[in-house]
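One structure below.
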Amino acid sequence: IYVTDSGLGGIIIHDLASGKTVRRLSASTLLRKPENAIQRGFKGRVLQDASGKKPAVHSDVIEVTADGEWLYYATPTGPLYRIRTALLRDAALNDAMLEKQLEKVADIPSIGGSAIDATGNLYLSNVEKRSIDRLTPEGVRETLIQDDRLITPDALVIDESGWMYIPAPQIEAISTNNNGKDETRAPWYIYRFRLPE
């Protein structure tokens, strides 16, 4: 089991067979939000509280390829990185050695969540456009769907029938992201659309 730590930055690995848990790349610069990166909401609005404090979310988004070979991760501001899972599990490698194995995949917009399909396409919930973007293994990014109801689209899920589920939790409208004003409005929705063949 692979887990990202969005508070400090890091990857936690739990071995189901042995019961052992290890932490890798703890507080690594490449797992923390870049200093100059700004987390944004719809149409690029800067997220901040009433005092101007901006969110500092570190390694958060995480996906593993269907074959288990690669782990992808990103902060909500990007960029998107990947590393081989075998390297993360190799006890002979320390964090400094692992950092050299991290590969930058792409610069991305502010995102809430992600998903990956069996062929390696990554899906990004683009909060700046209220869209779902697809990043192909060849590095091409395209918008699949855009809808203003997707207010801060978040953690994406693909089911076995090819439907993409999209929670819209309105995170950009809570007071800590909206200049001190809570402008969330019930009800909260989960939407879905069928992925292209």
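Identifiers in this document derive from the order of the structure tokens: chains are assigned A, B, ..., residues are numbered from 1 separately in each chain, and ligands are numbered from 1 in order of occurrence.
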Near stretch 81-96 of chain A, counting only C-alpha atoms, which residues have an atom at most 8 Å away, once you skip same-chain residues fewer than 3 positions from it, shown as a PyMOL selection string?
-> chain A and resi 13+24-26+68-74+99-106
Kindly save the residues from that selection, with C-alpha atoms included, as a compact mmCIF listing (two decimals), in the first residue's frame.
# COMPACT_ATOMS: atom_id res chain seq x y z
CA ILE A 13 4.81 2.17 2.10
CA ARG A 24 10.53 7.35 2.12
CA LEU A 25 11.54 10.80 0.88
CA SER A 26 10.30 12.44 4.08
CA GLY A 68 2.50 -1.81 -10.23
CA GLU A 69 5.76 -0.60 -11.80
CA TRP A 70 5.40 3.18 -11.45
CA LEU A 71 4.11 5.51 -8.75
CA TYR A 72 2.99 9.00 -9.81
CA TYR A 73 2.52 11.85 -7.34
CA ALA A 74 2.00 15.60 -7.28
CA GLU A 99 15.60 11.79 -5.07
CA LYS A 100 17.93 11.28 -8.05
CA GLN A 101 15.51 8.67 -9.42
CA LEU A 102 12.46 10.96 -9.38
CA GLU A 103 11.34 11.85 -12.91
CA LYS A 104 9.39 15.02 -13.67
CA VAL A 105 6.49 14.08 -15.94
CA ALA A 106 4.68 17.38 -16.53
Which neighbours of stretch 40-44 of chain A fall inside 7 Å, counting only C-alpha atoms, when residues of the same chain fewer than 3 positions from it are skipped, and could you give them as a list of chain:residue names?
-> A:Leu47, A:Ser110, A:Val127, A:Glu128, A:Lys129, A:Arg130, A:Glu172
For the selection you just gave me, I'd like the residues written to a file as a compact mmCIF listing (two decimals), in the first residue's frame, keeping all heavy atoms.
# COMPACT_ATOMS: atom_id res chain seq x y z
N LEU A 47 -6.05 31.01 -3.91
CA LEU A 47 -6.69 30.54 -2.69
C LEU A 47 -5.93 31.09 -1.49
O LEU A 47 -4.71 30.94 -1.40
CB LEU A 47 -6.72 29.01 -2.65
CG LEU A 47 -7.42 28.31 -3.81
CD1 LEU A 47 -7.48 26.81 -3.56
CD2 LEU A 47 -8.82 28.87 -4.08
N SER A 110 -3.52 23.72 -11.15
CA SER A 110 -3.97 23.32 -9.81
C SER A 110 -5.02 22.22 -9.95
O SER A 110 -5.97 22.35 -10.72
CB SER A 110 -4.56 24.51 -9.07
OG SER A 110 -3.56 25.47 -8.77
N VAL A 127 -9.02 22.23 -11.23
CA VAL A 127 -9.92 23.13 -10.49
C VAL A 127 -9.96 24.51 -11.13
O VAL A 127 -10.93 25.25 -10.93
CB VAL A 127 -9.52 23.22 -9.00
CG1 VAL A 127 -9.56 21.86 -8.34
CG2 VAL A 127 -8.16 23.85 -8.81
N GLU A 128 -8.94 24.89 -11.89
CA GLU A 128 -8.92 26.21 -12.51
C GLU A 128 -9.93 26.32 -13.65
O GLU A 128 -10.47 27.39 -13.91
CB GLU A 128 -7.52 26.54 -13.02
CG GLU A 128 -6.48 26.63 -11.91
CD GLU A 128 -5.10 26.99 -12.42
OE1 GLU A 128 -5.01 27.90 -13.28
OE2 GLU A 128 -4.12 26.37 -11.97
N LYS A 129 -10.20 25.19 -14.32
CA LYS A 129 -11.15 25.19 -15.44
C LYS A 129 -12.44 24.45 -15.12
O LYS A 129 -13.33 24.39 -15.95
CB LYS A 129 -10.50 24.53 -16.67
CG LYS A 129 -9.47 25.39 -17.35
CD LYS A 129 -8.81 24.72 -18.56
CE LYS A 129 -9.58 23.62 -19.22
NZ LYS A 129 -8.85 22.99 -20.34
N ARG A 130 -12.50 23.82 -13.92
CA ARG A 130 -13.63 22.94 -13.58
C ARG A 130 -13.80 21.89 -14.68
O ARG A 130 -14.87 21.70 -15.24
CB ARG A 130 -14.91 23.75 -13.36
CG ARG A 130 -14.81 24.65 -12.14
CD ARG A 130 -16.07 25.37 -11.79
NE ARG A 130 -15.88 26.12 -10.55
CZ ARG A 130 -16.69 27.05 -10.09
NH1 ARG A 130 -17.78 27.35 -10.76
NH2 ARG A 130 -16.43 27.66 -8.96
N GLU A 172 -12.70 25.26 -2.77
CA GLU A 172 -12.24 26.63 -3.02
C GLU A 172 -13.16 27.67 -2.37
O GLU A 172 -12.79 28.83 -2.25
CB GLU A 172 -12.12 26.90 -4.51
CG GLU A 172 -13.46 26.90 -5.25
CD GLU A 172 -13.28 26.95 -6.76
OE1 GLU A 172 -12.91 25.93 -7.34
OE2 GLU A 172 -13.51 28.03 -7.33
For A:Ala56, work out the shell of residues within 10 Å, counting only C-alpha atoms and skipping chain neighbours fewer than 5 positions away, then give it as a ChimeraX atom specification.
-> /A:6-8,32-35,37-39,75-77
Keeping only C-alpha atoms, write the selected residues as an mmCIF file, in the first residue's frame.
data_model
loop_
_atom_site.group_PDB
_atom_site.id
_atom_site.type_symbol
_atom_site.label_atom_id
_atom_site.label_comp_id
_atom_site.auth_asym_id
_atom_site.auth_seq_id
_atom_site.Cartn_x
_atom_site.Cartn_y
_atom_site.Cartn_z
ATOM 1 C CA SER A 6 0.417 15.955 2.307
ATOM 2 C CA GLY A 7 1.405 17.616 5.602
ATOM 3 C CA LEU A 8 5.174 17.156 5.641
ATOM 4 C CA ARG A 32 6.817 19.637 -1.029
ATOM 5 C CA LYS A 33 4.890 22.419 -2.751
ATOM 6 C CA PRO A 34 7.385 24.527 -4.687
ATOM 7 C CA GLU A 35 8.024 27.828 -2.884
ATOM 8 C CA ALA A 37 3.801 27.843 -6.667
ATOM 9 C CA ILE A 38 0.345 29.194 -5.858
ATOM 10 C CA GLN A 39 -2.693 26.984 -5.385
ATOM 11 C CA THR A 75 1.262 18.481 -4.989
ATOM 12 C CA PRO A 76 -2.039 20.230 -5.862
ATOM 13 C CA THR A 77 0.037 22.906 -7.648
#
Pick from A:Asp49, A:Asp5, A:Asp67, A:Asp60, whichever lies nearest to A:Asp154 using only C-alpha atoms | A:Asp60
Write out as a ChimeraX atom specification all residues of chain A that DSSP puts in strand (DSSP E) for this structure's backbone.
-> /A:2-4,11-14,21-24,61-64,70-74,80-84,103-106,111-116,122-126,131-135,141-146,157-158,163-168,189-194
Pick from A:Gly120, A:Gly9, A:Pro167, A:Pro137, whichever lies nearest to A:Thr29 using only C-alpha atoms =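 That would be A:Gly9, the residue with the smallest distance to A:Thr29.
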What is the distance, in Å and to one decimal place, between atom CA of A:Ile145 and atom CA of A:Ile132?
-> 5.5 Å
Which value, in Å to one decimal, gives the distance between atom CA of A:Ala50 and atom CA of A:Lys181?
->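 Between atom CA of A:Ala50 and atom CA of A:Lys181 the gap is 7.7 Å.
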